[in-house]
Amino acid sequence: MSTSGSDIPLHIIAPVSSSNRGHHQDTHSEPTERGMHSNVLRAAAARSASKSFVKGRNKGKGKMREQYPDESDEEATLLGNVERHGGEDIGGEDVEESTQMKRLQVSRHSANPSKSRNRQDKSRTIPFRPGDRFQSHFPPNMVRNQKYNLFTFFPFVLYEQFKFFFNLYFLLVALSQFIPALKIGFIFTYVAPLAFVLCVTMGKEAYDDYKRHLRDREANSQKYLILVPPLSHNPDSGPHTRSVPSSSLRVGDLVMLEKNQRVPADMVLLRTSDPSGTCFIRTDQLDGETDWKLRVAVPTTQKLGSDKELMMLDGEVYADAPIKDLHTFIGTLTVNGTSPPSPHSSSPALSHAATSMVEPLTAENVVWSNTVLAAGSAVGFVVYTGSETRAVMNTSHPETKVGLLDLEINRLAKILCAVTFALSVVLVALNGFRGLWYIYVFRFLILFSSIIPISLRVNLDMGKTVYANQIMTDPDIPNTIVRTSTLPEELGRIEYLLSDKTGTLTQNEMEMKKLHMGTMSYGFDSMDEVAHQLATAFGAEHARQPSIATGTQLATRGRRDMSSRLRDVVLSLALCHNVTPVTNDDGSLTYQASSPDEVAIVKWTESVGLTLVFRDRTRMEVQTPTGTRLSYDILELFPFTSESKRMGIVVRESQSGELLFLQKGADVVMARIVQRNDWLEEETGNMAREGLRTLVVARKRLTPQNYAAFKQRHHEASVRLEGRNEAMAAVVAEYLERDLELLGLTGVEDKLQDEVKSTLELLRNAGIKIWMLTGDKIETARCIAISTKLVARNQYIHEVAKLKTSDQVRDQLEFLQSKLDCCLVIDGESLQLCLNSYKNEFIEIATKLSAVVACRCSPTQKADVARLIRQYTKKRVCCIGDGGNDVSMIQAADVGVGIVGKEGKQASLAADFSVTQFSYLAKLLMWHGRNSYRRSAKLAQFVIHRGLIISVMQAVFSAIFYFAPIALYQGWLMMGYATVYTMAPVFSLVLDQDVNEDIALIYPELYKELTKGRSLSFKTFFQWLMISVYQGGAIMIMSLVLFENEFLNIVAISFTALILNELIMVGIEITTWHTYMVIAEVVTLLLYVISIAFLPEYFDLEFVISTRFAWKVAVIVAVSALPLYLVKAIRSRIAPAAYSKLL
């Protein structure tokens, strides 16, 4: 490099703070002295850093980014030596450029003087071998799903419990018993039930959180190898590796990944074990798709000879701010010539090597965390960690789910509290507010506290446990697990079902079902005929090799025999794809591609005798039925995109040199590319109605002259700066995609899960609206919607895709408003635009449609849709999925159901209910859900009735005794009433059923009745309130009228009548008797009779065994219970319930 003209003084350059120099040493751990060439290298590096930095900053979201203070540190690192050797001359141009760059840097510093990191801009420029201080700016790489820690557990759990009015009320009642003036009866009777409920709930929460902590610890402690630079005293030694746990990985680390290892953080792929720089990853936990995805290492770093060269690379990676989008990444890799030289090296060649190179990075160069390396090994450069990784950004934090029934009962408790307070004030008012009336009000409140029975919570929680046990032990739905035992009743009130597609409705196993060739059609059962014809064709070719090999026998289509036509179509299918055969450790062959459709077709060609045995980026080989191998050079590949809807390939037969352009794609685009025909449109329609995915196969023979002309024009288009993609597509259309010979039409079936069609039909008849949310393509989702009968046979399907403006959204919504009987199919991009511009209108219209299919949905979009439906409709939403990408949606739903499938157990572990296949949902909702809700509603109201009746009796008693706040029943009688004397019969209501299992599943309309919420409503609540007032009043007043002479025995008389009344009421409420119910009734009655002998302070035994006592109690019970039995009998005749019509 010339040193002439270097008369510009270096002191123009603004000085860099000493802290930056310190950082320089920390970052590179190198000696500070450098030779002349090192300075030149650094100056060039600084220039390239400036250019790449400015270039990187101009990418992104279209607005200029402010620079981190850290980034100036990095530039200072690159420039440190230039400044230190300020007296040495450098080439004039270099100084001028570095001076301008320094001025730019100074102006940036003045614009952003603060040393604190700019919060708005999270983009980063990461040098190789960054220092600790730089790495500490980014979040730690920790997985944390725990809800609590030691300090937050008690406050949070107690808050969750006492935000329920129910528990708060009982806490206040229990605390009041420590005030002597308010004390009534035993403190134990008030404190024990509350303490029991709290201990059970807190124990359950603690156990669940501990399990989450163990899972987190396992994920965080997985070991990974990272490359570390050689020691400074021995720089020539190779790079060392160090094993570190996943949680210790930091931005800028070089991580070595092995086959089947989970990727621990978002990283740029620098090298792979495959010489071509490619590797496959599994993304099922990220986007739900089980097919392998191809990723490509950065070409510059893939070419490096060893890990040492990679470690000592002088360069940096620019990465845009972390975002949720899984399909987008903007970044650059800047390589500043060679690696930093050792102090001993003084080779003049270095100055020539100091050329900077900037390589763009896209999503195909990046592997996201939570994906798995499927084959080979790789080295990655960490760019995002912890909370900034795509996987974490697409996961929402779980909320504590509370069932609607619990909320409704909480609402009723508030009404009951108001009733209690009003009753207390009325009784004190009737007494004329004498004496310490406010104390009396509180004493009455405590006397009437049984109106809101704490036993209600205990009964309901025990009921939920019974329902959960019934679900888990049901032989018809084996291996079903209830993970959230507080929600079984919610299963009986679902009105929206949001389902994933891949692995939930489908098995994600493709199978070639049909091949149509215009005049001939081969179905699944006639594939052996295809194999026979193919063997004939290749056998004939083998026999007449010379004549065919020259390609002269180009007979017209009409005269060609069937076997050669079949040979052409099968060979085209065996060549036109993006499938790579992978040999496993055991020698078996598996196929990998980004689309399972392609794998299905290649497997089919293998089954009929034409096997793909080798494939790399330039060549592929297929083996014919006769055992010979045909080799083809891959000259061009035009991959499938959602815009083009087709894929093409140009191949050259190695022996004959014959050039072929083969193409397959969707019928809508291929129909205008192939030669005129009269059967394609009709047959694709027929296959689509069967739910098959159709692909049209065509080919064109090319002459070397044609191909050369295409190649030249295509290259010219590919180097254009503007409109490059359009220009390249136009050249392909002009030279290749014209008058293609139509070879055939394939129909591939995505196998559905067992009984999916009948399950969906059953759920629809039950009034449940079904949405399908998938990360797959529109075409695929549409096919599955048809094959699963999610869409009725002749129902109109309205596709909405690629919307760009809010005007387009409005037009689509107006159309949908006028056609509410159609099925909407919408892509993720358009869905997001709808939610951004017309959220309420979109949800209002979409929730009225019979079916909605959303494609290309990100995990957060799925969760957002679930939340929106919940907020807008106030209805219960159930989400079902099987992959890690469904976790957010499952957690956002009222009820989340996870399927244990091929995509692992992540969805199953995060769900409230875990099943092994979709069809189990029918029984889970129609039978278990329906029963759980009906039983809990009946149980809750009966327990409230049990508390109300005794409180009404207390009110009547107090009114007669001059409004004195004295307890009618004290001590054991109060405790026994809520427990031993009534608990078993009342709790036996959890076994009641109105119809048998078969009828519940044959008539899903019964389920629709439940969603109206009539089992527990204000109407039914007030009916029970009136029953309680009538019965309580009747028992107490009749006791006083009939027994005025035996007034001292009033307690024994009224209590016996009360217990008998409750046992009879349980009997009246039961629809179908169960053995346990009969036992509960009989045993409870016996227990009561026996206990009378042991309670002489309450019962006079001589009086109790007299006939006078017996007939008078019988009259009281008849007056209180008989009218209700008659009312129920008359109602069942005049206005029978829906279920009774089916019995």
# chains A, B, ... in the order shown; residues from 1 in each chain; ligands from 1
>>> residues_around(residues="range 819-827 of chain A", least_positions_apart="6", cutoff="6 Å", atoms="only C-alpha atoms", output="list in words")
Tyr796, Ile797, His798, Glu799, Val800, Ala801, Leu849, Ala851, Val852, Val853, Ala854, Cys855 and Arg856 of chain A
>>> write_last_selection(atoms="C-alpha atoms", output="PDB file, in the first residue's frame")
ATOM      1  CA  TYR A 796     -69.032 -21.826  -0.900  1.00  0.00           C
ATOM      2  CA  ILE A 797     -65.411 -21.316   0.229  1.00  0.00           C
ATOM      3  CA  HIS A 798     -64.287 -17.680   0.248  1.00  0.00           C
ATOM      4  CA  GLU A 799     -60.517 -17.209   0.070  1.00  0.00           C
ATOM      5  CA  VAL A 800     -58.915 -14.025   1.428  1.00  0.00           C
ATOM      6  CA  ALA A 801     -55.172 -13.744   0.820  1.00  0.00           C
ATOM      7  CA  LEU A 849     -69.675 -17.876   9.936  1.00  0.00           C
ATOM      8  CA  ALA A 851     -66.423 -22.352   9.662  1.00  0.00           C
ATOM      9  CA  VAL A 852     -63.191 -20.340   9.476  1.00  0.00           C
ATOM     10  CA  VAL A 853     -59.797 -21.594   8.298  1.00  0.00           C
ATOM     11  CA  ALA A 854     -56.754 -19.407   9.043  1.00  0.00           C
ATOM     12  CA  CYS A 855     -53.493 -20.390   7.308  1.00  0.00           C
ATOM     13  CA  ARG A 856     -49.852 -19.400   7.816  1.00  0.00           C
TER      14      ARG A 856
END
>>> residues_around(residues="Val668 in chain A", least_positions_apart="6", cutoff="10 Å", atoms="only C-alpha atoms", output="short mmCIF file (atom, residue, chain, number, x, y, z; two decimals) with C-alpha atoms, in the first residue's frame")
data_model
loop_
_atom_site.label_atom_id
_atom_site.label_comp_id
_atom_site.auth_asym_id
_atom_site.auth_seq_id
_atom_site.Cartn_x
_atom_site.Cartn_y
_atom_site.Cartn_z
CA LYS A 645 -47.69 -22.22 -6.75
CA ARG A 646 -45.38 -24.41 -8.86
CA GLU A 681 -60.22 -28.97 -15.13
CA THR A 684 -58.89 -31.68 -10.65
CA VAL A 696 -50.30 -31.23 -12.43
#
>>> select_by_dssp(residues="range 553-778 of chain A", states="strand (DSSP E)", output="PyMOL selection string")
chain A and resi 580-583+589-592+611-615+619-623+629-638+646-653+659-665+693-702+741-752+769-773
>>> residues_around(residues="Asp500 in chain A", least_positions_apart="2", cutoff="8 Å", atoms="only C-alpha atoms", output="ChimeraX atom specification")
/A:498,502-505,772-774,880-882,886
>>> write_last_selection(atoms="C-alpha atoms", output="compact mmCIF listing (two decimals), in the first residue's frame")
# COMPACT_ATOMS: atom_id res chain seq x y z
CA LEU A 498 -60.13 -23.76 17.65
CA THR A 502 -51.18 -30.92 11.25
CA GLY A 503 -51.09 -33.79 13.72
CA THR A 504 -54.45 -32.82 15.25
CA LEU A 505 -56.96 -33.36 12.44
CA MET A 772 -59.01 -24.37 11.98
CA LEU A 773 -55.80 -22.42 12.65
CA THR A 774 -52.72 -23.77 10.91
CA ILE A 880 -56.83 -28.19 20.72
CA GLY A 881 -53.34 -28.77 19.31
CA ASP A 882 -50.38 -31.12 19.43
CA ASP A 886 -49.96 -24.55 19.83
>>> atom_distance(atom1="CA of Ser306 in chain A", atom2="CA of Pro275 in chain A")
12.6 Å
>>> closest_residue(among="A:Ala535, A:Ala418, A:Ile126, A:Ile477", to="Phe138 in chain A", atoms="only C-alpha atoms")
A:Ile126
>>> residues_around(residues="Ala910 in chain A", least_positions_apart="6", cutoff="12 Å", atoms="only C-alpha atoms", output="MDAnalysis selection string")
chainID A and resid 145 208 212 215 395:399 481:484 879:893 895:900 904
